[in-house]
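Text of the file work-v8.csv, holding CSV, C-alpha atoms and all ligand atoms:
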```
chain,number,residue,atom,x,y,z
D,92,MET,CA,22.8,4.0,8.8
D,93,LEU,CA,21.8,7.5,7.6
D,94,ALA,CA,23.7,10.3,9.4
D,95,ALA,CA,20.4,12.0,10.4
D,96,SER,CA,19.2,8.7,12.0
D,97,ARG,CA,22.5,8.2,13.8
D,98,LYS,CA,22.2,11.7,15.2
D,99,TRP,CA,18.6,11.5,16.3
D,100,ARG,CA,19.0,8.0,17.7
D,101,GLY,CA,22.0,9.2,19.6
D,102,GLU,CA,19.9,12.0,21.1
D,103,GLY,CA,17.3,9.4,22.2
D,104,LEU,CA,14.6,10.9,19.9
D,105,ALA,CA,11.8,8.5,18.6
D,106,LEU,CA,12.1,8.1,14.9
D,107,GLY,CA,9.3,7.3,12.4
D,108,LEU,CA,9.8,6.2,8.8
D,109,VAL,CA,7.2,6.5,6.0
D,110,PRO,CA,8.3,4.6,2.9
D,111,THR,CA,6.8,5.8,-0.4
D,112,MET,CA,7.4,5.8,-4.1
D,113,GLY,CA,6.5,9.5,-4.4
D,114,ALA,CA,3.7,11.1,-6.4
D,115,LEU,CA,2.4,12.0,-3.0
D,116,HIS,CA,-1.3,12.4,-2.3
D,117,ALA,CA,-3.5,12.8,0.8
D,118,GLY,CA,-3.2,9.1,1.5
D,119,HIS,CA,0.6,9.3,1.9
D,120,LEU,CA,0.2,12.5,3.9
D,121,SER,CA,-2.1,10.9,6.4
D,122,LEU,CA,0.7,8.4,7.1
D,123,VAL,CA,3.1,11.3,7.5
D,124,GLU,CA,0.7,13.1,9.9
D,125,GLN,CA,0.3,10.0,12.1
D,126,ALA,CA,4.1,9.5,12.1
D,127,CYS,CA,4.6,13.2,13.2
D,128,ARG,CA,2.1,12.7,16.0
D,129,GLU,CA,3.8,9.6,17.3
D,130,ASN,CA,7.5,10.5,16.9
D,131,SER,CA,9.9,13.4,17.5
D,132,ARG,CA,11.6,13.0,14.1
D,133,VAL,CA,10.1,11.7,10.8
D,134,ILE,CA,11.9,10.5,7.7
D,135,VAL,CA,10.0,9.9,4.5
D,136,SER,CA,11.7,7.8,1.8
D,137,ILE,CA,10.9,8.3,-1.9
D,138,PHE,CA,12.2,5.6,-4.2
D,139,VAL,CA,10.4,4.1,-7.2
D,140,ASN,CA,11.6,0.6,-6.6
D,141,PRO,CA,12.2,-1.2,-9.9
D,142,ILE,CA,12.3,-4.7,-8.5
D,143,GLN,CA,8.7,-4.6,-7.3
D,144,PHE,CA,7.4,-4.0,-10.9
D,145,GLY,CA,7.1,-6.9,-13.3
D,146,PRO,CA,7.9,-6.9,-16.9
D,147,GLY,CA,5.3,-4.9,-18.8
D,148,GLU,CA,4.1,-3.1,-15.6
D,149,ASP,CA,4.2,0.7,-15.2
D,150,PHE,CA,7.8,1.3,-13.8
D,151,GLU,CA,8.8,3.6,-16.6
D,152,ARG,CA,5.6,5.6,-16.7
D,153,TYR,CA,5.0,5.6,-12.9
D,154,PRO,CA,4.2,9.3,-12.0
D,155,ARG,CA,7.2,11.2,-10.6
D,156,ASP,CA,7.1,14.8,-9.3
D,157,PRO,CA,10.1,15.3,-6.9
D,158,GLU,CA,9.6,19.1,-6.6
D,159,ARG,CA,6.0,18.9,-5.6
D,160,ASP,CA,6.7,16.0,-3.2
D,161,GLY,CA,9.4,18.0,-1.5
D,162,GLU,CA,7.2,21.0,-1.1
D,163,LEU,CA,4.3,18.8,0.4
D,164,LEU,CA,6.7,17.2,2.8
D,165,ARG,CA,8.2,20.5,3.9
D,166,THR,CA,4.7,21.8,4.6
D,167,ALA,CA,3.8,18.7,6.5
D,168,GLY,CA,6.8,19.2,8.8
D,169,VAL,CA,8.9,16.2,7.9
D,170,HIS,CA,12.4,16.3,9.3
D,171,ALA,CA,14.2,14.6,6.4
D,172,VAL,CA,13.5,13.1,3.0
D,173,TYR,CA,15.6,10.0,2.0
D,174,ARG,CA,15.8,9.7,-1.8
D,175,PRO,CA,18.3,6.9,-2.5
D,176,SER,CA,19.6,6.5,-6.0
D,177,LEU,CA,19.3,3.3,-8.0
D,178,ALA,CA,23.0,2.8,-7.7
D,179,VAL,CA,22.8,3.0,-3.9
D,180,MET,CA,19.9,0.7,-3.5
D,181,TYR,CA,21.0,-1.9,-6.1
D,182,PRO,CA,24.7,-1.6,-6.9
D,183,PRO,CA,25.9,-3.9,-9.7
D,184,GLY,CA,26.1,-7.4,-8.4
D,185,SER,CA,23.4,-7.1,-5.8
D,186,THR,CA,21.3,-10.2,-6.2
D,187,THR,CA,19.7,-10.9,-2.8
D,188,ARG,CA,15.9,-11.0,-2.7
D,189,ILE,CA,13.6,-11.7,0.3
D,190,HIS,CA,10.8,-14.1,-0.3
D,191,VAL,CA,8.1,-14.1,2.4
D,192,ALA,CA,6.6,-17.5,1.7
D,193,GLY,CA,2.8,-18.1,2.1
D,194,VAL,CA,1.2,-14.7,2.7
D,195,SER,CA,2.9,-13.1,-0.4
D,196,GLU,CA,1.9,-15.9,-2.8
D,197,GLY,CA,-1.8,-15.6,-3.3
D,198,LEU,CA,-4.0,-12.7,-4.8
D,199,GLU,CA,-1.6,-9.8,-5.5
D,200,GLY,CA,1.3,-12.1,-5.3
D,201,ALA,CA,-0.2,-14.5,-7.9
D,202,ALA,CA,-1.2,-11.7,-10.2
D,203,ARG,CA,2.2,-9.9,-9.8
D,204,PRO,CA,4.8,-12.7,-9.3
D,205,VAL,CA,7.9,-10.6,-8.4
D,206,HIS,CA,6.0,-7.9,-6.6
D,207,PHE,CA,6.2,-8.8,-3.0
D,208,ASP,CA,9.8,-10.1,-3.1
D,209,GLY,CA,10.7,-6.6,-4.4
D,210,VAL,CA,8.6,-4.9,-1.7
D,211,ALA,CA,10.1,-7.1,1.1
D,212,THR,CA,13.6,-6.6,-0.1
D,213,VAL,CA,13.3,-2.8,-0.4
D,214,VAL,CA,11.5,-2.4,2.9
D,215,ALA,CA,14.2,-4.4,4.7
D,216,LYS,CA,16.9,-2.2,3.1
D,217,LEU,CA,15.0,1.0,4.0
D,218,LEU,CA,14.6,-0.2,7.6
D,219,SER,CA,18.3,-1.1,7.8
D,220,ALA,CA,19.3,2.4,6.4
D,221,VAL,CA,17.0,4.4,8.7
D,222,GLU,CA,16.6,2.2,11.8
D,223,PRO,CA,13.3,3.8,12.8
D,224,ASP,CA,11.4,3.0,16.0
D,225,ARG,CA,8.2,2.9,13.9
D,226,ALA,CA,7.4,2.4,10.2
D,227,TYR,CA,4.1,3.5,8.7
D,228,PHE,CA,2.0,1.6,6.0
D,229,GLY,CA,-1.4,2.1,4.6
D,230,GLN,CA,-4.3,-0.4,4.9
D,231,LYS,CA,-5.0,0.5,1.3
D,232,ASP,CA,-2.3,-2.1,0.4
D,233,ALA,CA,-3.5,-4.8,2.9
D,234,GLN,CA,-1.5,-7.7,1.6
D,235,GLN,CA,1.7,-5.5,1.6
D,236,VAL,CA,0.9,-4.9,5.3
D,237,ALA,CA,0.6,-8.6,6.0
D,238,VAL,CA,3.9,-9.3,4.1
D,239,VAL,CA,5.8,-6.5,5.9
D,240,LYS,CA,4.5,-7.7,9.3
D,241,ARG,CA,5.6,-11.3,8.6
D,242,LEU,CA,9.0,-10.0,7.4
D,243,VAL,CA,9.5,-8.0,10.6
D,244,ARG,CA,8.5,-10.9,12.8
D,245,ASP,CA,10.5,-13.6,11.0
D,246,LEU,CA,13.7,-11.5,10.8
D,247,ASP,CA,13.3,-10.1,14.4
D,248,LEU,CA,13.6,-6.6,13.0
D,249,PRO,CA,13.4,-4.1,15.9
D,250,VAL,CA,10.7,-1.8,14.5
D,251,GLU,CA,7.0,-1.4,15.2
D,252,ILE,CA,4.7,-1.5,12.1
D,253,ARG,CA,1.9,1.0,12.3
D,254,VAL,CA,-1.1,0.7,9.9
D,255,CYS,CA,-3.1,3.7,8.9
D,256,PRO,CA,-6.7,3.7,7.5
D,257,THR,CA,-7.4,4.1,3.8
D,258,VAL,CA,-8.0,7.7,2.6
D,259,ARG,CA,-10.8,8.0,0.0
D,260,GLU,CA,-12.2,10.5,-2.4
D,261,SER,CA,-15.7,11.8,-1.5
D,262,ASP,CA,-17.3,9.2,-3.8
D,263,GLY,CA,-15.4,6.4,-2.1
D,264,LEU,CA,-12.5,5.8,-4.6
D,265,ALA,CA,-9.3,5.0,-2.6
D,266,LEU,CA,-6.6,7.6,-3.3
D,267,SER,CA,-3.8,6.1,-5.4
D,268,SER,CA,-0.9,7.5,-7.5
D,269,ARG,CA,-2.3,5.3,-10.3
D,270,ASN,CA,-5.7,7.1,-10.3
D,271,ALA,CA,-3.8,9.8,-12.4
D,272,TYR,CA,-4.0,7.3,-15.3
D,273,LEU,CA,-7.8,7.2,-15.4
D,274,LYS,CA,-9.6,8.9,-18.2
D,275,PRO,CA,-12.8,10.8,-17.1
D,276,ASP,CA,-15.2,7.9,-18.0
D,277,GLU,CA,-12.9,5.4,-16.3
D,278,ARG,CA,-12.7,7.7,-13.2
D,279,ARG,CA,-16.5,7.5,-13.0
D,280,ALA,CA,-16.5,3.7,-13.5
D,281,ALA,CA,-13.8,3.3,-10.8
D,282,VAL,CA,-16.3,4.0,-8.0
D,283,CYS,CA,-17.5,0.4,-8.5
D,284,LEU,CA,-14.7,-0.9,-6.2
D,285,SER,CA,-15.7,1.1,-3.1
D,286,SER,CA,-19.4,0.6,-4.0
D,287,ALA,CA,-18.9,-3.2,-4.1
D,288,LEU,CA,-17.1,-3.1,-0.7
D,289,ARG,CA,-19.9,-1.0,0.7
D,290,GLN,CA,-22.5,-3.5,-0.5
D,291,ALA,CA,-20.7,-6.4,0.9
D,292,ALA,CA,-20.3,-4.6,4.3
D,293,VAL,CA,-24.0,-4.0,4.4
D,294,ALA,CA,-24.7,-7.7,3.6
D,295,TYR,CA,-22.2,-8.7,6.4
D,296,ALA,CA,-23.9,-6.3,8.9
D,297,GLU,CA,-27.3,-7.9,8.0
D,298,GLY,CA,-25.8,-11.3,9.1
D,299,GLU,CA,-24.4,-12.7,5.8
D,300,ARG,CA,-21.4,-14.9,6.6
D,301,ASP,CA,-21.4,-17.3,3.7
D,302,PRO,CA,-18.0,-16.6,2.0
D,303,GLU,CA,-19.4,-17.6,-1.5
D,304,ARG,CA,-22.4,-15.3,-1.2
D,305,LEU,CA,-20.2,-12.3,0.1
D,306,ARG,CA,-17.9,-13.0,-2.9
D,307,GLN,CA,-20.9,-13.0,-5.2
D,308,THR,CA,-22.1,-9.6,-3.8
D,309,LEU,CA,-18.8,-8.1,-4.6
D,310,ARG,CA,-18.7,-9.6,-8.1
D,311,THR,CA,-22.3,-8.7,-9.0
D,312,ARG,CA,-21.6,-5.0,-8.3
D,313,LEU,CA,-18.3,-5.0,-10.2
D,314,GLU,CA,-19.6,-6.9,-13.2
D,315,ILE,CA,-22.4,-4.4,-14.0
D,316,GLU,CA,-19.7,-1.9,-14.8
D,317,PRO,CA,-18.8,-2.3,-18.5
D,318,LEU,CA,-15.3,-0.6,-18.2
D,319,ALA,CA,-14.3,-2.8,-15.3
D,320,HIS,CA,-12.6,-6.2,-15.6
D,321,VAL,CA,-12.4,-8.2,-12.3
D,322,GLU,CA,-9.0,-9.8,-11.6
D,323,TYR,CA,-10.0,-11.1,-8.2
D,324,ALA,CA,-12.7,-10.4,-5.6
D,325,GLU,CA,-12.3,-12.5,-2.5
D,326,VAL,CA,-13.0,-12.6,1.2
D,327,VAL,CA,-10.0,-13.7,3.2
D,328,ASP,CA,-8.2,-13.7,6.5
D,329,PRO,CA,-6.2,-10.5,6.9
D,330,ARG,CA,-3.1,-12.3,8.2
D,331,SER,CA,-2.9,-15.4,5.9
D,332,PHE,CA,-4.7,-13.9,2.9
D,333,THR,CA,-6.6,-17.2,2.4
D,334,PRO,CA,-10.3,-17.8,3.0
D,335,PRO,CA,-12.2,-17.9,5.3
D,336,GLY,CA,-12.1,-14.4,6.9
D,337,SER,CA,-13.8,-11.0,6.8
D,338,LEU,CA,-11.4,-8.9,4.7
D,339,ALA,CA,-12.8,-8.3,1.2
D,340,VAL,CA,-10.0,-7.7,-1.3
D,341,LEU,CA,-10.4,-6.5,-4.9
D,342,ALA,CA,-8.2,-6.1,-7.9
D,343,VAL,CA,-10.0,-4.6,-10.9
D,344,ARG,CA,-8.8,-3.3,-14.2
D,345,VAL,CA,-10.6,-0.1,-15.2
D,346,GLY,CA,-9.6,0.6,-18.8
D,347,GLY,CA,-5.9,0.2,-18.8
D,348,THR,CA,-5.4,0.9,-15.1
D,349,ARG,CA,-5.2,-1.8,-12.4
D,350,LEU,CA,-6.8,-0.7,-9.1
D,351,ILE,CA,-6.9,-2.5,-5.8
D,352,ASP,CA,-9.0,-1.9,-2.7
D,353,ASN,CA,-10.1,-3.7,0.5
D,354,HIS,CA,-12.3,-3.4,3.5
D,355,ASP,CA,-12.8,-5.3,6.7
D,356,LEU,CA,-16.5,-6.3,6.4
D,357,SER,CA,-17.0,-6.5,10.1
D,358,LYS,CA,-16.7,-2.7,10.2
D,359,PRO,CA,-19.1,-0.2,8.6
D,360,PHE,CA,-17.9,1.2,5.3
D,361,SER,CA,-17.4,5.0,5.5
D,362,THR,CA,-15.6,7.4,3.1
O,1,LIG,P1,3.3,3.8,-2.4
O,1,LIG,O1,2.3,3.2,-3.3
O,1,LIG,O2,3.9,5.1,-2.7
O,1,LIG,O3,2.6,3.9,-1.0
O,1,LIG,C1,3.3,4.4,0.1
O,1,LIG,C2,2.4,4.1,1.4
O,1,LIG,O4,1.2,4.9,1.3
O,1,LIG,C3,1.9,2.6,1.4
O,1,LIG,O5,2.1,2.2,2.8
O,1,LIG,C4,0.5,2.7,1.0
O,1,LIG,O6,-0.3,1.7,1.5
O,1,LIG,C5,0.1,4.1,1.5
O,1,LIG,N1,-1.1,4.5,0.8
O,1,LIG,C6,-1.3,4.6,-0.5
O,1,LIG,N2,-2.6,5.0,-0.8
O,1,LIG,C7,-3.2,5.2,0.4
O,1,LIG,C8,-4.5,5.7,0.8
O,1,LIG,N3,-5.4,6.0,-0.1
O,1,LIG,N4,-4.7,5.8,2.1
O,1,LIG,C9,-3.8,5.4,3.0
O,1,LIG,N5,-2.6,5.0,2.7
O,1,LIG,C10,-2.2,4.9,1.4
O,1,LIG,O7,3.4,1.1,-1.2
O,1,LIG,C11,4.4,1.5,-1.7
O,1,LIG,O8,4.5,2.8,-2.1
O,1,LIG,C12,5.6,0.7,-1.9
O,1,LIG,O9,5.3,-0.7,-2.1
O,1,LIG,C13,6.7,0.8,-0.7
O,1,LIG,C14,6.1,0.3,0.6
O,1,LIG,C15,7.2,2.3,-0.6
O,1,LIG,C16,7.9,-0.1,-1.1
O,1,LIG,O10,8.5,0.3,-2.3
```

Could you quickly redo this structure as structure tokens?
Ligand code: PAJ
Amino acid sequence: MLAASRKWRGEGLALGLVPTMGALHAGHLSLVEQACRENSRVIVSIFVNPIQFGPGEDFERYPRDPERDGELLRTAGVHAVYRPSLAVMYPPGSTTRIHVAGVSEGLEGAARPVHFDGVATVVAKLLSAVEPDRAYFGQKDAQQVAVVKRLVRDLDLPVEIRVCPTVRESDGLALSSRNAYLKPDERRAAVCLSSALRQAAVAYAEGERDPERLRQTLRTRLEIEPLAHVEYAEVVDPRSFTPPGSLAVLAVRVGGTRLIDNHDLSKPFST
């Protein structure tokens, strides 16, 4: 366990953990703010986790800006930043991986086969190092939330998983470290994700429940955007990540950048 965690737990202080891969933006900071409201002490972890990136994905070029991240976290009032090295997280000979069967296998899991084993493994390790009372995750990565909740339940991990709403730009684009890859015309095209979710939420509010027609509403909006290539656009159950349900989930390539977004269609879409 981290020394800071041991001290604070010993003093009976409620401890929150916000796991991140750095390149922090207002989405991450909203998790930090909620954690600061709900706990006496907050630890943010920054670790670009190699095992959740597949071959040919963006591990090497993933944005890294440790100084700026540190400054933002100091200003936000975080009590400690945990930046484990690769050698601490995965010493030579460490081969164990956690596979959360079922919920991790469709959609993102199908598109990125090693991704959720890498996420589940690193989240379990971070929870074990920090032993927080609460850990904070963004709804932006809805399937990650479902995988982490299943992991915590199945392994009886003594932590409460808190889920925070998606923070968006004023035109609706969900904040993401990967938005930095978008060229100006791609940035304009990227609004098609939130726009598709908004249109599907309007259809749902008007009474549409047919999963195929809701799916078609999403696809029709995405496919009019020439720079966008749809990987998946589905309406699923938020726990199992299989149809039927009311959670619209999207993965779209805009130019060379893969973007994901989601929205619970039973709620109005607001930015
Ligand atoms: P990362 O992509 O850095 O995201 C850290 C946390 O911030 C995640 O819980 C993510 O859902 C949340 N987040 C990202 N964009 C957001 C937005 N626009 N609004 C609200 N929350 C947002 O997700 C990971 O890192 C990693 O997989 C990790 C959990 C750290 C394991 O390596």

Got a sec to check which residues lie within 9 Å of ligand LIG 1 (chain O), using only C-alpha atoms and all ligand atoms, and send them as a count of residues only? 54

For Arg244 in chain D, which of D:Leu284, D:Val321, D:Val293, D:Val191 is the closest residue, counting only C-alpha atoms? D:Val191

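Here CA of Glu299 in chain D stands at a distance of 27.0 Å from CA of Pro317 in chain D.
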
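CA of Val123 in chain D to CA of Glu158 in chain D spans 17.4 Å [interatomic distance, one decimal].
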
Residue list as JSON, numbers by chain for point (-11.5, -10.9, 7.8), cut-off 7 Å, all atoms listed in the file: {"D": [326, 327, 328, 329, 336, 337, 338, 355, 356]}

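Among the candidate residues D:Tyr173, D:Tyr323, D:Tyr153, D:Tyr295, the one lying nearest to Ala271 in chain D is D:Tyr153, with distances computed using only C-alpha atoms.
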
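Using all atoms listed in the file for every distance, the candidate list D:Asp149, D:Glu124, D:Glu222, D:Glu316 yields D:Glu222 as the residue closest to Ala94 in chain D.
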
Best match for closeness to Glu148 in chain D among D:Ala167, D:Ala202, D:Leu242, D:Val133, counting all atoms listed in the file: D:Ala202

Leu93 in chain D environment, 12 Å, all atoms listed in the file, sequence neighbours closer than 6 positions dropped, as a list in words: Trp99, Arg100, Ile134, Ser136, Ala171, Val172, Tyr173, Arg174, Pro175, Lys216, Leu217, Leu218, Ser219, Ala220, Val221, Glu222 and Pro223 of chain D

Given all atoms listed in the file as the basis, pick out the residue of D:Ala280, D:Gln125, D:Gly263, D:Pro183 nearest to Leu108 in chain D. D:Gln125

At a cut-off of 12 Å, using all atoms listed in the file, what residues contact Ser286 in chain D? Leave out same-chain residues fewer than 6 positions from it and give the result as an MDAnalysis selection string. chainID D and resid 262:265 279:280 292:293 308:316 341 352:354 360:362

For the selection just defined, write its residues with C-alpha atoms to a file, as a PDB file, keeping the file's coordinate frame.
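Below is the file selection_24.pdb, written as the result:
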```pdb
ATOM      1  CA  ASP D 262     -17.300   9.200  -3.800  1.00  0.00           C
ATOM      2  CA  GLY D 263     -15.400   6.400  -2.100  1.00  0.00           C
ATOM      3  CA  LEU D 264     -12.500   5.800  -4.600  1.00  0.00           C
ATOM      4  CA  ALA D 265      -9.300   5.000  -2.600  1.00  0.00           C
ATOM      5  CA  ARG D 279     -16.500   7.500 -13.000  1.00  0.00           C
ATOM      6  CA  ALA D 280     -16.500   3.700 -13.500  1.00  0.00           C
ATOM      7  CA  ALA D 292     -20.300  -4.600   4.300  1.00  0.00           C
ATOM      8  CA  VAL D 293     -24.000  -4.000   4.400  1.00  0.00           C
ATOM      9  CA  THR D 308     -22.100  -9.600  -3.800  1.00  0.00           C
ATOM     10  CA  LEU D 309     -18.800  -8.100  -4.600  1.00  0.00           C
ATOM     11  CA  ARG D 310     -18.700  -9.600  -8.100  1.00  0.00           C
ATOM     12  CA  THR D 311     -22.300  -8.700  -9.000  1.00  0.00           C
ATOM     13  CA  ARG D 312     -21.600  -5.000  -8.300  1.00  0.00           C
ATOM     14  CA  LEU D 313     -18.300  -5.000 -10.200  1.00  0.00           C
ATOM     15  CA  GLU D 314     -19.600  -6.900 -13.200  1.00  0.00           C
ATOM     16  CA  ILE D 315     -22.400  -4.400 -14.000  1.00  0.00           C
ATOM     17  CA  GLU D 316     -19.700  -1.900 -14.800  1.00  0.00           C
ATOM     18  CA  LEU D 341     -10.400  -6.500  -4.900  1.00  0.00           C
ATOM     19  CA  ASP D 352      -9.000  -1.900  -2.700  1.00  0.00           C
ATOM     20  CA  ASN D 353     -10.100  -3.700   0.500  1.00  0.00           C
ATOM     21  CA  HIS D 354     -12.300  -3.400   3.500  1.00  0.00           C
ATOM     22  CA  PHE D 360     -17.900   1.200   5.300  1.00  0.00           C
ATOM     23  CA  SER D 361     -17.400   5.000   5.500  1.00  0.00           C
ATOM     24  CA  THR D 362     -15.600   7.400   3.100  1.00  0.00           C
TER      25      THR D 362
END
```

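Separating CA of Arg278 in chain D from CA of Val345 in chain D is a distance of 8.3 Å.
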
Could you pull range 117-132 of chain D out of the block above and give me N, CA, C and O atoms, as a PDB file, in the first residue's frame?
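After the write, result-v5.pdb holds the following:
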```
ATOM      1  N   ALA D 117     -10.630  18.977 -18.913  1.00  0.00           N
ATOM      2  CA  ALA D 117     -11.720  19.301 -17.975  1.00  0.00           C
ATOM      3  C   ALA D 117     -12.574  18.081 -17.616  1.00  0.00           C
ATOM      4  O   ALA D 117     -13.220  18.069 -16.570  1.00  0.00           O
ATOM      5  N   GLY D 118     -12.587  17.054 -18.470  1.00  0.00           N
ATOM      6  CA  GLY D 118     -13.303  15.810 -18.131  1.00  0.00           C
ATOM      7  C   GLY D 118     -12.666  15.139 -16.928  1.00  0.00           C
ATOM      8  O   GLY D 118     -13.336  14.794 -15.949  1.00  0.00           O
ATOM      9  N   HIS D 119     -11.332  14.966 -16.988  1.00  0.00           N
ATOM     10  CA  HIS D 119     -10.616  14.386 -15.837  1.00  0.00           C
ATOM     11  C   HIS D 119     -10.834  15.249 -14.587  1.00  0.00           C
ATOM     12  O   HIS D 119     -11.050  14.737 -13.491  1.00  0.00           O
ATOM     13  N   LEU D 120     -10.753  16.575 -14.787  1.00  0.00           N
ATOM     14  CA  LEU D 120     -10.826  17.465 -13.622  1.00  0.00           C
ATOM     15  C   LEU D 120     -12.208  17.429 -12.975  1.00  0.00           C
ATOM     16  O   LEU D 120     -12.334  17.652 -11.768  1.00  0.00           O
ATOM     17  N   SER D 121     -13.242  17.110 -13.760  1.00  0.00           N
ATOM     18  CA  SER D 121     -14.579  16.988 -13.154  1.00  0.00           C
ATOM     19  C   SER D 121     -14.625  15.778 -12.218  1.00  0.00           C
ATOM     20  O   SER D 121     -15.288  15.820 -11.174  1.00  0.00           O
ATOM     21  N   LEU D 122     -13.903  14.712 -12.564  1.00  0.00           N
ATOM     22  CA  LEU D 122     -13.813  13.550 -11.656  1.00  0.00           C
ATOM     23  C   LEU D 122     -13.080  13.952 -10.378  1.00  0.00           C
ATOM     24  O   LEU D 122     -13.479  13.582  -9.266  1.00  0.00           O
ATOM     25  N   VAL D 123     -11.991  14.715 -10.569  1.00  0.00           N
ATOM     26  CA  VAL D 123     -11.190  15.156  -9.419  1.00  0.00           C
ATOM     27  C   VAL D 123     -12.036  16.027  -8.496  1.00  0.00           C
ATOM     28  O   VAL D 123     -12.016  15.859  -7.268  1.00  0.00           O
ATOM     29  N   GLU D 124     -12.820  16.949  -9.098  1.00  0.00           N
ATOM     30  CA  GLU D 124     -13.657  17.831  -8.272  1.00  0.00           C
ATOM     31  C   GLU D 124     -14.678  17.037  -7.470  1.00  0.00           C
ATOM     32  O   GLU D 124     -14.880  17.276  -6.282  1.00  0.00           O
ATOM     33  N   GLN D 125     -15.326  16.068  -8.138  1.00  0.00           N
ATOM     34  CA  GLN D 125     -16.308  15.252  -7.404  1.00  0.00           C
ATOM     35  C   GLN D 125     -15.625  14.463  -6.289  1.00  0.00           C
ATOM     36  O   GLN D 125     -16.131  14.373  -5.167  1.00  0.00           O
ATOM     37  N   ALA D 126     -14.445  13.932  -6.591  1.00  0.00           N
ATOM     38  CA  ALA D 126     -13.704  13.161  -5.569  1.00  0.00           C
ATOM     39  C   ALA D 126     -13.355  14.060  -4.382  1.00  0.00           C
ATOM     40  O   ALA D 126     -13.441  13.634  -3.226  1.00  0.00           O
ATOM     41  N   CYS D 127     -12.973  15.328  -4.664  1.00  0.00           N
ATOM     42  CA  CYS D 127     -12.614  16.256  -3.575  1.00  0.00           C
ATOM     43  C   CYS D 127     -13.843  16.614  -2.731  1.00  0.00           C
ATOM     44  O   CYS D 127     -13.728  16.840  -1.525  1.00  0.00           O
ATOM     45  N   ARG D 128     -15.023  16.666  -3.383  1.00  0.00           N
ATOM     46  CA  ARG D 128     -16.242  16.961  -2.607  1.00  0.00           C
ATOM     47  C   ARG D 128     -16.604  15.796  -1.686  1.00  0.00           C
ATOM     48  O   ARG D 128     -17.152  15.996  -0.613  1.00  0.00           O
ATOM     49  N   GLU D 129     -16.307  14.575  -2.110  1.00  0.00           N
ATOM     50  CA  GLU D 129     -16.833  13.401  -1.402  1.00  0.00           C
ATOM     51  C   GLU D 129     -15.828  12.728  -0.468  1.00  0.00           C
ATOM     52  O   GLU D 129     -16.189  11.761   0.213  1.00  0.00           O
ATOM     53  N   ASN D 130     -14.566  13.204  -0.479  1.00  0.00           N
ATOM     54  CA  ASN D 130     -13.526  12.552   0.331  1.00  0.00           C
ATOM     55  C   ASN D 130     -12.645  13.600   1.001  1.00  0.00           C
ATOM     56  O   ASN D 130     -12.470  14.697   0.474  1.00  0.00           O
ATOM     57  N   SER D 131     -12.022  13.220   2.130  1.00  0.00           N
ATOM     58  CA  SER D 131     -11.100  14.143   2.793  1.00  0.00           C
ATOM     59  C   SER D 131      -9.750  14.179   2.087  1.00  0.00           C
ATOM     60  O   SER D 131      -9.027  15.161   2.190  1.00  0.00           O
ATOM     61  N   ARG D 132      -9.363  13.070   1.464  1.00  0.00           N
ATOM     62  CA  ARG D 132      -8.092  13.012   0.746  1.00  0.00           C
ATOM     63  C   ARG D 132      -8.329  12.404  -0.640  1.00  0.00           C
ATOM     64  O   ARG D 132      -9.105  11.459  -0.774  1.00  0.00           O
TER      65      ARG D 132
END
```
